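Q: File protein28.pdb below, PDB, C-alpha atoms:
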```
ATOM      1  CA  MET A   1     -15.332  11.318 -15.110  1.00  0.00           C
ATOM      2  CA  GLY A   2     -15.419   9.507 -11.774  1.00  0.00           C
ATOM      3  CA  PHE A   3     -13.383   6.677 -13.247  1.00  0.00           C
ATOM      4  CA  SER A   4     -10.705   8.991 -14.610  1.00  0.00           C
ATOM      5  CA  ARG A   5     -10.288  10.719 -11.255  1.00  0.00           C
ATOM      6  CA  GLN A   6      -9.954   7.364  -9.553  1.00  0.00           C
ATOM      7  CA  GLN A   7      -7.355   6.251 -12.057  1.00  0.00           C
ATOM      8  CA  LYS A   8      -5.336   9.398 -11.413  1.00  0.00           C
ATOM      9  CA  THR A   9      -5.206   8.775  -7.681  1.00  0.00           C
ATOM     10  CA  ALA A  10      -4.343   5.114  -8.026  1.00  0.00           C
ATOM     11  CA  PRO A  11      -0.575   5.607  -8.669  1.00  0.00           C
ATOM     12  CA  GLY A  12      -0.150   7.483  -5.400  1.00  0.00           C
ATOM     13  CA  MET A  13      -1.998   4.773  -3.550  1.00  0.00           C
ATOM     14  CA  ALA A  14       0.086   2.155  -5.325  1.00  0.00           C
ATOM     15  CA  ALA A  15       3.310   3.820  -4.252  1.00  0.00           C
ATOM     16  CA  PHE A  16       2.592   4.064  -0.534  1.00  0.00           C
ATOM     17  CA  GLY A  17      -0.469   1.915   0.149  1.00  0.00           C
ATOM     18  CA  ARG A  18      -3.248   2.804   2.535  1.00  0.00           C
ATOM     19  CA  PRO A  19      -3.368   2.236   6.298  1.00  0.00           C
ATOM     20  CA  ARG A  20      -4.986  -0.958   7.562  1.00  0.00           C
ATOM     21  CA  ASP A  21      -8.758  -0.933   7.463  1.00  0.00           C
ATOM     22  CA  PRO A  22     -10.209  -2.359  10.712  1.00  0.00           C
ATOM     23  CA  VAL A  23     -13.482  -3.157   8.944  1.00  0.00           C
ATOM     24  CA  ILE A  24     -11.680  -5.446   6.500  1.00  0.00           C
ATOM     25  CA  ASP A  25      -9.756  -7.060   9.356  1.00  0.00           C
ATOM     26  CA  LEU A  26     -13.025  -7.669  11.211  1.00  0.00           C
ATOM     27  CA  ALA A  27     -14.625  -9.174   8.103  1.00  0.00           C
ATOM     28  CA  ARG A  28     -11.621 -11.461   7.629  1.00  0.00           C
ATOM     29  CA  PHE A  29     -11.887 -12.572  11.252  1.00  0.00           C
ATOM     30  CA  PHE A  30     -15.552 -13.529  10.921  1.00  0.00           C
ATOM     31  CA  CYS A  31     -14.892 -15.305   7.609  1.00  0.00           C
ATOM     32  CA  LEU A  32     -12.091 -17.299   9.215  1.00  0.00           C
ATOM     33  CA  VAL A  33     -14.278 -18.260  12.172  1.00  0.00           C
ATOM     34  CA  LEU A  34     -17.053 -19.420   9.833  1.00  0.00           C
ATOM     35  CA  VAL A  35     -14.618 -21.457   7.733  1.00  0.00           C
ATOM     36  CA  VAL A  36     -13.150 -23.218  10.772  1.00  0.00           C
ATOM     37  CA  LEU A  37     -16.545 -23.874  12.360  1.00  0.00           C
ATOM     38  CA  SER A  38     -18.064 -25.192   9.143  1.00  0.00           C
ATOM     39  CA  HIS A  39     -15.142 -27.558   8.571  1.00  0.00           C
ATOM     40  CA  CYS A  40     -15.347 -28.829  12.140  1.00  0.00           C
ATOM     41  CA  MET A  41     -19.096 -29.398  11.793  1.00  0.00           C
ATOM     42  CA  MET A  42     -18.596 -31.370   8.593  1.00  0.00           C
ATOM     43  CA  VAL A  43     -16.985 -34.275  10.458  1.00  0.00           C
ATOM     44  CA  SER A  44     -19.236 -36.019  12.975  1.00  0.00           C
ATOM     45  CA  PRO A  45     -18.136 -39.309  14.602  1.00  0.00           C
ATOM     46  CA  VAL A  46     -20.890 -41.941  14.564  1.00  0.00           C
ATOM     47  CA  LEU A  47     -20.846 -44.941  16.924  1.00  0.00           C
ATOM     48  CA  HIS A  48     -22.478 -48.007  15.360  1.00  0.00           C
ATOM     49  CA  PRO A  49     -24.111 -50.887  17.285  1.00  0.00           C
ATOM     50  CA  ASP A  50     -21.183 -53.192  16.492  1.00  0.00           C
ATOM     51  CA  GLY A  51     -18.797 -50.774  18.198  1.00  0.00           C
ATOM     52  CA  THR A  52     -17.188 -49.358  15.064  1.00  0.00           C
ATOM     53  CA  VAL A  53     -16.826 -45.620  14.624  1.00  0.00           C
ATOM     54  CA  THR A  54     -17.199 -43.810  11.317  1.00  0.00           C
ATOM     55  CA  THR A  55     -17.571 -40.202  10.267  1.00  0.00           C
ATOM     56  CA  GLU A  56     -20.351 -38.479   8.392  1.00  0.00           C
ATOM     57  CA  ASN A  57     -20.379 -35.118   6.671  1.00  0.00           C
ATOM     58  CA  THR A  58     -23.226 -33.691   8.699  1.00  0.00           C
ATOM     59  CA  LEU A  59     -23.518 -30.348   6.957  1.00  0.00           C
ATOM     60  CA  MET A  60     -23.569 -31.760   3.442  1.00  0.00           C
ATOM     61  CA  GLU A  61     -26.526 -33.940   4.426  1.00  0.00           C
ATOM     62  CA  GLN A  62     -28.587 -30.877   5.350  1.00  0.00           C
ATOM     63  CA  HIS A  63     -30.793 -29.736   2.473  1.00  0.00           C
ATOM     64  CA  TRP A  64     -30.283 -26.048   3.351  1.00  0.00           C
ATOM     65  CA  PHE A  65     -26.473 -26.100   3.450  1.00  0.00           C
ATOM     66  CA  GLU A  66     -25.578 -25.958  -0.253  1.00  0.00           C
ATOM     67  CA  PRO A  67     -27.934 -23.044  -1.111  1.00  0.00           C
ATOM     68  CA  VAL A  68     -26.623 -21.080   1.873  1.00  0.00           C
ATOM     69  CA  LEU A  69     -23.053 -21.876   0.840  1.00  0.00           C
ATOM     70  CA  TRP A  70     -23.662 -20.584  -2.685  1.00  0.00           C
ATOM     71  CA  VAL A  71     -25.228 -17.369  -1.409  1.00  0.00           C
ATOM     72  CA  PHE A  72     -22.633 -16.382   1.171  1.00  0.00           C
ATOM     73  CA  GLN A  73     -19.428 -17.708  -0.470  1.00  0.00           C
ATOM     74  CA  VAL A  74     -17.358 -17.134   2.660  1.00  0.00           C
ATOM     75  CA  MET A  75     -14.110 -18.611   1.378  1.00  0.00           C
ATOM     76  CA  PRO A  76     -13.900 -16.569  -1.852  1.00  0.00           C
ATOM     77  CA  LEU A  77     -14.703 -13.466   0.191  1.00  0.00           C
ATOM     78  CA  PHE A  78     -11.829 -14.294   2.536  1.00  0.00           C
ATOM     79  CA  PHE A  79      -9.393 -14.525  -0.385  1.00  0.00           C
ATOM     80  CA  VAL A  80     -10.692 -11.274  -1.888  1.00  0.00           C
ATOM     81  CA  LEU A  81     -10.175  -9.535   1.450  1.00  0.00           C
ATOM     82  CA  GLY A  82      -6.748 -11.136   1.643  1.00  0.00           C
ATOM     83  CA  GLY A  83      -5.972  -9.648  -1.758  1.00  0.00           C
ATOM     84  CA  ILE A  84      -6.876  -6.173  -0.522  1.00  0.00           C
ATOM     85  CA  THR A  85      -4.796  -6.367   2.647  1.00  0.00           C
ATOM     86  CA  GLY A  86      -1.964  -8.270   0.982  1.00  0.00           C
ATOM     87  CA  LEU A  87      -1.533  -5.753  -1.823  1.00  0.00           C
ATOM     88  CA  GLU A  88      -1.677  -2.771   0.508  1.00  0.00           C
ATOM     89  CA  SER A  89       0.760  -4.406   2.945  1.00  0.00           C
ATOM     90  CA  TRP A  90       3.147  -5.108   0.077  1.00  0.00           C
ATOM     91  CA  ARG A  91       2.920  -1.507  -1.129  1.00  0.00           C
ATOM     92  CA  ARG A  92       3.583  -0.117   2.342  1.00  0.00           C
ATOM     93  CA  LEU A  93       6.557  -2.436   2.767  1.00  0.00           C
ATOM     94  CA  ARG A  94       7.941  -1.576  -0.657  1.00  0.00           C
ATOM     95  CA  ALA A  95       7.588   2.154   0.090  1.00  0.00           C
ATOM     96  CA  ARG A  96       9.804   1.584   3.142  1.00  0.00           C
ATOM     97  CA  GLY A  97      12.412  -0.144   0.994  1.00  0.00           C
ATOM     98  CA  GLY A  98      11.338  -3.720   1.715  1.00  0.00           C
ATOM     99  CA  SER A  99      11.723  -6.600  -0.720  1.00  0.00           C
ATOM    100  CA  GLY A 100       9.690  -9.604  -1.737  1.00  0.00           C
ATOM    101  CA  ILE A 101      11.745 -11.752   0.632  1.00  0.00           C
ATOM    102  CA  ASP A 102      10.904  -9.402   3.503  1.00  0.00           C
ATOM    103  CA  TYR A 103       7.231  -9.662   2.618  1.00  0.00           C
ATOM    104  CA  ALA A 104       7.385 -13.468   2.494  1.00  0.00           C
ATOM    105  CA  GLN A 105       9.095 -13.616   5.889  1.00  0.00           C
ATOM    106  CA  LEU A 106       6.492 -11.356   7.479  1.00  0.00           C
ATOM    107  CA  ARG A 107       3.613 -13.328   5.981  1.00  0.00           C
ATOM    108  CA  LEU A 108       5.122 -16.663   6.996  1.00  0.00           C
ATOM    109  CA  LEU A 109       5.612 -15.526  10.581  1.00  0.00           C
ATOM    110  CA  ARG A 110       2.124 -14.054  10.777  1.00  0.00           C
ATOM    111  CA  LEU A 111       0.460 -17.254   9.564  1.00  0.00           C
ATOM    112  CA  ILE A 112       2.798 -19.957  10.847  1.00  0.00           C
ATOM    113  CA  ARG A 113       2.866 -18.797  14.467  1.00  0.00           C
ATOM    114  CA  PRO A 114      -0.869 -19.277  15.152  1.00  0.00           C
ATOM    115  CA  ALA A 115      -0.869 -22.460  13.065  1.00  0.00           C
ATOM    116  CA  THR A 116       1.992 -23.841  15.154  1.00  0.00           C
ATOM    117  CA  ALA A 117       0.097 -23.058  18.349  1.00  0.00           C
ATOM    118  CA  LEU A 118      -2.973 -24.798  16.934  1.00  0.00           C
ATOM    119  CA  LEU A 119      -1.014 -27.891  15.918  1.00  0.00           C
ATOM    120  CA  ALA A 120       0.708 -28.038  19.301  1.00  0.00           C
ATOM    121  CA  SER A 121      -2.644 -27.857  21.092  1.00  0.00           C
ATOM    122  CA  MET A 122      -4.051 -30.566  18.832  1.00  0.00           C
ATOM    123  CA  PHE A 123      -1.055 -32.813  19.474  1.00  0.00           C
ATOM    124  CA  VAL A 124      -1.292 -32.396  23.246  1.00  0.00           C
ATOM    125  CA  GLY A 125      -5.040 -33.020  23.218  1.00  0.00           C
ATOM    126  CA  LEU A 126      -4.794 -36.137  21.060  1.00  0.00           C
ATOM    127  CA  TRP A 127      -1.864 -37.442  23.097  1.00  0.00           C
ATOM    128  CA  ALA A 128      -3.839 -36.929  26.311  1.00  0.00           C
ATOM    129  CA  ALA A 129      -6.845 -38.693  24.790  1.00  0.00           C
ATOM    130  CA  SER A 130      -4.669 -41.677  23.901  1.00  0.00           C
ATOM    131  CA  LEU A 131      -3.249 -41.840  27.429  1.00  0.00           C
ATOM    132  CA  LEU A 132      -6.762 -41.721  28.885  1.00  0.00           C
ATOM    133  CA  GLY A 133      -7.705 -44.806  26.903  1.00  0.00           C
ATOM    134  CA  VAL A 134      -9.795 -43.283  24.139  1.00  0.00           C
ATOM    135  CA  ASP A 135     -10.230 -45.709  21.262  1.00  0.00           C
ATOM    136  CA  PRO A 136      -7.406 -45.162  18.709  1.00  0.00           C
ATOM    137  CA  GLU A 137      -9.960 -45.125  15.901  1.00  0.00           C
ATOM    138  CA  VAL A 138     -11.809 -42.276  17.595  1.00  0.00           C
ATOM    139  CA  VAL A 139      -8.550 -40.382  18.106  1.00  0.00           C
ATOM    140  CA  GLN A 140      -7.740 -40.803  14.426  1.00  0.00           C
ATOM    141  CA  LEU A 141     -11.158 -39.514  13.397  1.00  0.00           C
ATOM    142  CA  ILE A 142     -10.805 -36.508  15.692  1.00  0.00           C
ATOM    143  CA  ALA A 143      -7.386 -35.760  14.224  1.00  0.00           C
ATOM    144  CA  THR A 144      -8.807 -35.965  10.712  1.00  0.00           C
ATOM    145  CA  GLY A 145     -11.625 -33.574  11.513  1.00  0.00           C
ATOM    146  CA  ALA A 146      -9.425 -31.117  13.379  1.00  0.00           C
ATOM    147  CA  GLY A 147      -6.900 -31.071  10.549  1.00  0.00           C
ATOM    148  CA  MET A 148      -9.420 -30.352   7.798  1.00  0.00           C
ATOM    149  CA  PRO A 149      -9.089 -26.537   7.963  1.00  0.00           C
ATOM    150  CA  LEU A 150      -5.314 -26.767   7.507  1.00  0.00           C
ATOM    151  CA  TRP A 151      -5.641 -27.121   3.720  1.00  0.00           C
ATOM    152  CA  PHE A 152      -7.302 -23.720   3.767  1.00  0.00           C
ATOM    153  CA  LEU A 153      -4.315 -22.250   5.610  1.00  0.00           C
ATOM    154  CA  ALA A 154      -1.918 -23.780   3.069  1.00  0.00           C
ATOM    155  CA  ALA A 155      -3.893 -22.361   0.133  1.00  0.00           C
ATOM    156  CA  TYR A 156      -4.113 -18.920   1.715  1.00  0.00           C
ATOM    157  CA  LEU A 157      -0.404 -18.898   2.531  1.00  0.00           C
ATOM    158  CA  ALA A 158       0.472 -19.845  -1.050  1.00  0.00           C
ATOM    159  CA  THR A 159      -1.651 -17.041  -2.500  1.00  0.00           C
ATOM    160  CA  GLN A 160      -0.243 -14.502  -0.055  1.00  0.00           C
ATOM    161  CA  LEU A 161       3.330 -15.459  -0.919  1.00  0.00           C
ATOM    162  CA  SER A 162       2.509 -14.818  -4.577  1.00  0.00           C
ATOM    163  CA  VAL A 163       1.419 -11.220  -3.885  1.00  0.00           C
ATOM    164  CA  PRO A 164       4.731  -9.494  -4.831  1.00  0.00           C
ATOM    165  CA  VAL A 165       4.858 -11.240  -8.221  1.00  0.00           C
ATOM    166  CA  LEU A 166       1.163 -10.847  -8.971  1.00  0.00           C
ATOM    167  CA  ALA A 167       1.230  -7.223  -7.792  1.00  0.00           C
ATOM    168  CA  ARG A 168       3.976  -6.449 -10.300  1.00  0.00           C
ATOM    169  CA  LEU A 169       2.011  -8.100 -13.102  1.00  0.00           C
ATOM    170  CA  HIS A 170      -1.150  -6.360 -11.932  1.00  0.00           C
ATOM    171  CA  GLY A 171       0.626  -3.005 -12.042  1.00  0.00           C
ATOM    172  CA  HIS A 172       1.598  -3.529 -15.680  1.00  0.00           C
ATOM    173  CA  SER A 173      -1.587  -5.141 -16.983  1.00  0.00           C
ATOM    174  CA  PRO A 174      -4.294  -5.915 -14.414  1.00  0.00           C
ATOM    175  CA  TRP A 175      -6.899  -7.388 -16.747  1.00  0.00           C
ATOM    176  CA  LEU A 176      -4.360  -9.449 -18.676  1.00  0.00           C
ATOM    177  CA  THR A 177      -3.039 -10.862 -15.392  1.00  0.00           C
ATOM    178  CA  LEU A 178      -6.517 -11.865 -14.274  1.00  0.00           C
ATOM    179  CA  GLY A 179      -7.259 -13.311 -17.708  1.00  0.00           C
ATOM    180  CA  GLY A 180      -4.042 -15.332 -17.638  1.00  0.00           C
ATOM    181  CA  LEU A 181      -4.918 -16.839 -14.269  1.00  0.00           C
ATOM    182  CA  VAL A 182      -8.433 -17.700 -15.429  1.00  0.00           C
ATOM    183  CA  ALA A 183      -7.024 -19.259 -18.605  1.00  0.00           C
ATOM    184  CA  ALA A 184      -4.636 -21.347 -16.491  1.00  0.00           C
ATOM    185  CA  VAL A 185      -7.556 -22.509 -14.343  1.00  0.00           C
ATOM    186  CA  ILE A 186      -9.565 -23.580 -17.393  1.00  0.00           C
ATOM    187  CA  THR A 187      -6.585 -25.306 -19.015  1.00  0.00           C
ATOM    188  CA  LEU A 188      -5.581 -27.266 -15.922  1.00  0.00           C
ATOM    189  CA  ASP A 189      -9.172 -28.210 -15.185  1.00  0.00           C
ATOM    190  CA  SER A 190      -9.577 -29.593 -18.700  1.00  0.00           C
ATOM    191  CA  LEU A 191      -6.488 -31.777 -18.159  1.00  0.00           C
ATOM    192  CA  ARG A 192      -7.515 -32.943 -14.704  1.00  0.00           C
ATOM    193  CA  GLY A 193      -9.156 -36.099 -16.030  1.00  0.00           C
ATOM    194  CA  ALA A 194      -5.882 -37.355 -17.497  1.00  0.00           C
ATOM    195  CA  PHE A 195      -3.693 -35.975 -14.697  1.00  0.00           C
ATOM    196  CA  PRO A 196      -5.646 -35.972 -11.404  1.00  0.00           C
ATOM    197  CA  MET A 197      -2.790 -34.370  -9.470  1.00  0.00           C
ATOM    198  CA  LEU A 198      -3.302 -31.178 -11.473  1.00  0.00           C
ATOM    199  CA  ALA A 199      -6.381 -30.529  -9.340  1.00  0.00           C
ATOM    200  CA  PHE A 200      -4.122 -29.566  -6.439  1.00  0.00           C
ATOM    201  CA  VAL A 201      -2.026 -27.280  -8.641  1.00  0.00           C
ATOM    202  CA  ASN A 202      -5.148 -25.750 -10.109  1.00  0.00           C
ATOM    203  CA  MET A 203      -6.407 -24.843  -6.654  1.00  0.00           C
ATOM    204  CA  LEU A 204      -3.539 -22.363  -6.367  1.00  0.00           C
ATOM    205  CA  PHE A 205      -4.476 -20.677  -9.648  1.00  0.00           C
ATOM    206  CA  VAL A 206      -8.150 -20.571  -8.653  1.00  0.00           C
ATOM    207  CA  TRP A 207      -7.502 -18.783  -5.385  1.00  0.00           C
ATOM    208  CA  CYS A 208      -4.888 -16.489  -6.933  1.00  0.00           C
ATOM    209  CA  ALA A 209      -7.491 -15.457  -9.510  1.00  0.00           C
ATOM    210  CA  VAL A 210     -10.001 -14.758  -6.743  1.00  0.00           C
ATOM    211  CA  GLN A 211      -7.339 -12.818  -4.852  1.00  0.00           C
ATOM    212  CA  GLN A 212      -6.838 -10.573  -7.889  1.00  0.00           C
ATOM    213  CA  PHE A 213     -10.319  -9.144  -7.383  1.00  0.00           C
ATOM    214  CA  GLY A 214      -9.023  -7.828  -4.086  1.00  0.00           C
ATOM    215  CA  PHE A 215      -6.281  -6.039  -6.027  1.00  0.00           C
ATOM    216  CA  PHE A 216      -8.913  -4.347  -8.182  1.00  0.00           C
ATOM    217  CA  ILE A 217     -10.882  -3.291  -5.111  1.00  0.00           C
ATOM    218  CA  ALA A 218      -7.726  -1.945  -3.458  1.00  0.00           C
ATOM    219  CA  ASP A 219      -7.082   0.165  -6.562  1.00  0.00           C
ATOM    220  CA  GLY A 220     -10.657   1.443  -6.534  1.00  0.00           C
ATOM    221  CA  ILE A 221     -11.235   0.334 -10.116  1.00  0.00           C
ATOM    222  CA  PHE A 222     -14.657  -1.175  -9.465  1.00  0.00           C
ATOM    223  CA  ALA A 223     -15.718   1.831  -7.396  1.00  0.00           C
ATOM    224  CA  GLY A 224     -14.580   4.163 -10.152  1.00  0.00           C
ATOM    225  CA  ARG A 225     -16.507   2.245 -12.786  1.00  0.00           C
ATOM    226  CA  SER A 226     -19.680   2.188 -10.701  1.00  0.00           C
ATOM    227  CA  ARG A 227     -19.530   5.958 -10.222  1.00  0.00           C
ATOM    228  CA  GLY A 228     -19.003   6.361 -13.947  1.00  0.00           C
ATOM    229  CA  TRP A 229     -22.039   4.207 -14.720  1.00  0.00           C
ATOM    230  CA  PHE A 230     -24.249   6.153 -12.315  1.00  0.00           C
ATOM    231  CA  ALA A 231     -23.008   9.424 -13.807  1.00  0.00           C
ATOM    232  CA  GLY A 232     -24.069   8.188 -17.211  1.00  0.00           C
TER     233      GLY A 232
END
```
Starting from the file, lay out its structure as structure tokens.

A:
Amino acid sequence: MGFSRQQKTAPGMAAFGRPRDPVIDLARFFCLVLVVLSHCMMVSPVLHPDGTVTTENTLMEQHWFEPVLWVFQVMPLFFVLGGITGLESWRRLRARGGSGIDYAQLRLLRLIRPATALLASMFVGLWAASLLGVDPEVVQLIATGAGMPLWFLAAYLATQLSVPVLARLHGHSPWLTLGGLVAAVITLDSLRGAFPMLAFVNMLFVWCAVQQFGFFIADGIFAGRSRGWFAG
């Protein structure tokens, strides 16, 4: 009974969306901070006796890191939360007469502006380090480490830009949409040995599939099912 009531209220929520949830925004903020910090800690410059400088993945060498990573799963959680906020933002925009292009522009501006500020700060810092006589090899290693989190931004931006299309498919057949994304992930992964470049394409399907769980949460489907199970 709980599930049926939830399903009846879902169309209204789908039409207008819900207001922003500060708890979700706070959770996204902490996830983002953890992702950036963990990536920065992965690259540690090491000065050898002969004067050469190399990098080591410090975190991966810690025996406790992988179990903790599997338990907390910060990055998937970030994409799930992004699915919740992305779908609700798209629904609010659509209720005001906005289009998919409007949504893409808003998302691009929201993500590109802070990324541009970050890149500008990195460029100025690395340029200053070069002028101060820091070894070019060290500067290159610092640039590599500082740029590591940018792949995460690119993946998140790609999944967010897909929200209007995936939201339409989700509205028609949510489980079939999720199943199609999972099937694409499995298919591309099975072909990755013959075509290594497919790994980069597959990353988009992986994170889009994870993002879909945020769509389900935004619709209250999981909450409705859990209430139905407890009710017997």

Q: List the residues matched by the PyMOL selection byres ((chain A and resi 196-209) around 12) in the displayed structure as a PyMOL selection string, ordered by chain and then by residue number.

A: chain A and resi 75-83+86+151-163+165-167+170+174-195+210-216

Q: Between atom CA of Arg91 of chain A and atom CA of Ala218 of chain A, what is the distance, to one decimal in Å?

A: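 Between atom CA of Arg91 of chain A and atom CA of Ala218 of chain A the gap works out to 10.9 Å.
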
Q: Given the PyMOL selection byres ((chain A and resi 74) around 12) and the file above, list the residues it selects as a PyMOL selection string.

A: chain A and resi 27-38+68-73+75-81

Q: Okay, now the selection with C-alpha atoms, as a short mmCIF file (atom, residue, chain, number, x, y, z; two decimals), keeping the file's coordinate frame?

A:
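Output contents, as saved in selection-v4.cif:
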```cif
data_model
loop_
_atom_site.label_atom_id
_atom_site.label_comp_id
_atom_site.auth_asym_id
_atom_site.auth_seq_id
_atom_site.Cartn_x
_atom_site.Cartn_y
_atom_site.Cartn_z
CA ALA A 27 -14.62 -9.17 8.10
CA ARG A 28 -11.62 -11.46 7.63
CA PHE A 29 -11.89 -12.57 11.25
CA PHE A 30 -15.55 -13.53 10.92
CA CYS A 31 -14.89 -15.30 7.61
CA LEU A 32 -12.09 -17.30 9.22
CA VAL A 33 -14.28 -18.26 12.17
CA LEU A 34 -17.05 -19.42 9.83
CA VAL A 35 -14.62 -21.46 7.73
CA VAL A 36 -13.15 -23.22 10.77
CA LEU A 37 -16.55 -23.87 12.36
CA SER A 38 -18.06 -25.19 9.14
CA VAL A 68 -26.62 -21.08 1.87
CA LEU A 69 -23.05 -21.88 0.84
CA TRP A 70 -23.66 -20.58 -2.68
CA VAL A 71 -25.23 -17.37 -1.41
CA PHE A 72 -22.63 -16.38 1.17
CA GLN A 73 -19.43 -17.71 -0.47
CA MET A 75 -14.11 -18.61 1.38
CA PRO A 76 -13.90 -16.57 -1.85
CA LEU A 77 -14.70 -13.47 0.19
CA PHE A 78 -11.83 -14.29 2.54
CA PHE A 79 -9.39 -14.52 -0.38
CA VAL A 80 -10.69 -11.27 -1.89
CA LEU A 81 -10.18 -9.54 1.45
#
```

Q: Within 12 Å of Ser130 of chain A, counting all atoms listed in the file, which residues qualify if same-chain residues fewer than 5 places away don't, as a list in words?

A: Phe123, Val124, Gly125, Asp135, Pro136, Glu137, Val138, Val139, Gln140, Ile142 and Ala143 of chain A

Q: From the list A:Arg96, A:Met122, A:Thr55, A:Gly220, which residue is nearest Met41 of chain A when using all atoms listed in the file?

A: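 Of the candidates, the smallest distance to Met41 of chain A is held by A:Thr55.
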
Q: With distances taken over only C-alpha atoms, which residue among A:Pro67, A:Leu141, A:Tyr103, A:Met60 lies nearest Leu87 of chain A?

A: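 Of A:Pro67, A:Leu141, A:Tyr103, A:Met60, the one nearest Leu87 of chain A is A:Tyr103, counting only C-alpha atoms.
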
Q: State, in Å with one decimal place, the distance from atom CA of Leu132 of chain A to atom CA of Asp50 of chain A.

A: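 Pair atom CA of Leu132 of chain A / atom CA of Asp50 of chain A returns 22.2 Å.
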
Q: Taking every listed atom of segment 136-141 of chain A and adding 6 Å to each side, what centre and edge lengths in Å (one decimal) does the axis-aligned box have, as lines of an AutoDock Vina configuration file?

A:
```
center_x = -9.6
center_y = -42.3
center_z = 16.1
size_x = 16.4
size_y = 17.6
size_z = 17.3
```

Q: As an exercise, work out the distance from atom CA of Leu26 of chain A to atom CA of Ser99 of chain A in Å and give it to one decimal place.

A: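 Spanning atom CA of Leu26 of chain A to atom CA of Ser99 of chain A is a straight-line distance of 27.5 Å.
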
Q: Compare A:Ile101, A:Pro22, A:Trp127, A:Asp219 by their minimum atom-to-atom distance to Gly171 of chain A, counting only C-alpha atoms, and give me the closest one.

A: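 Of A:Ile101, A:Pro22, A:Trp127, A:Asp219, the one nearest Gly171 of chain A, counting only C-alpha atoms, is A:Asp219.
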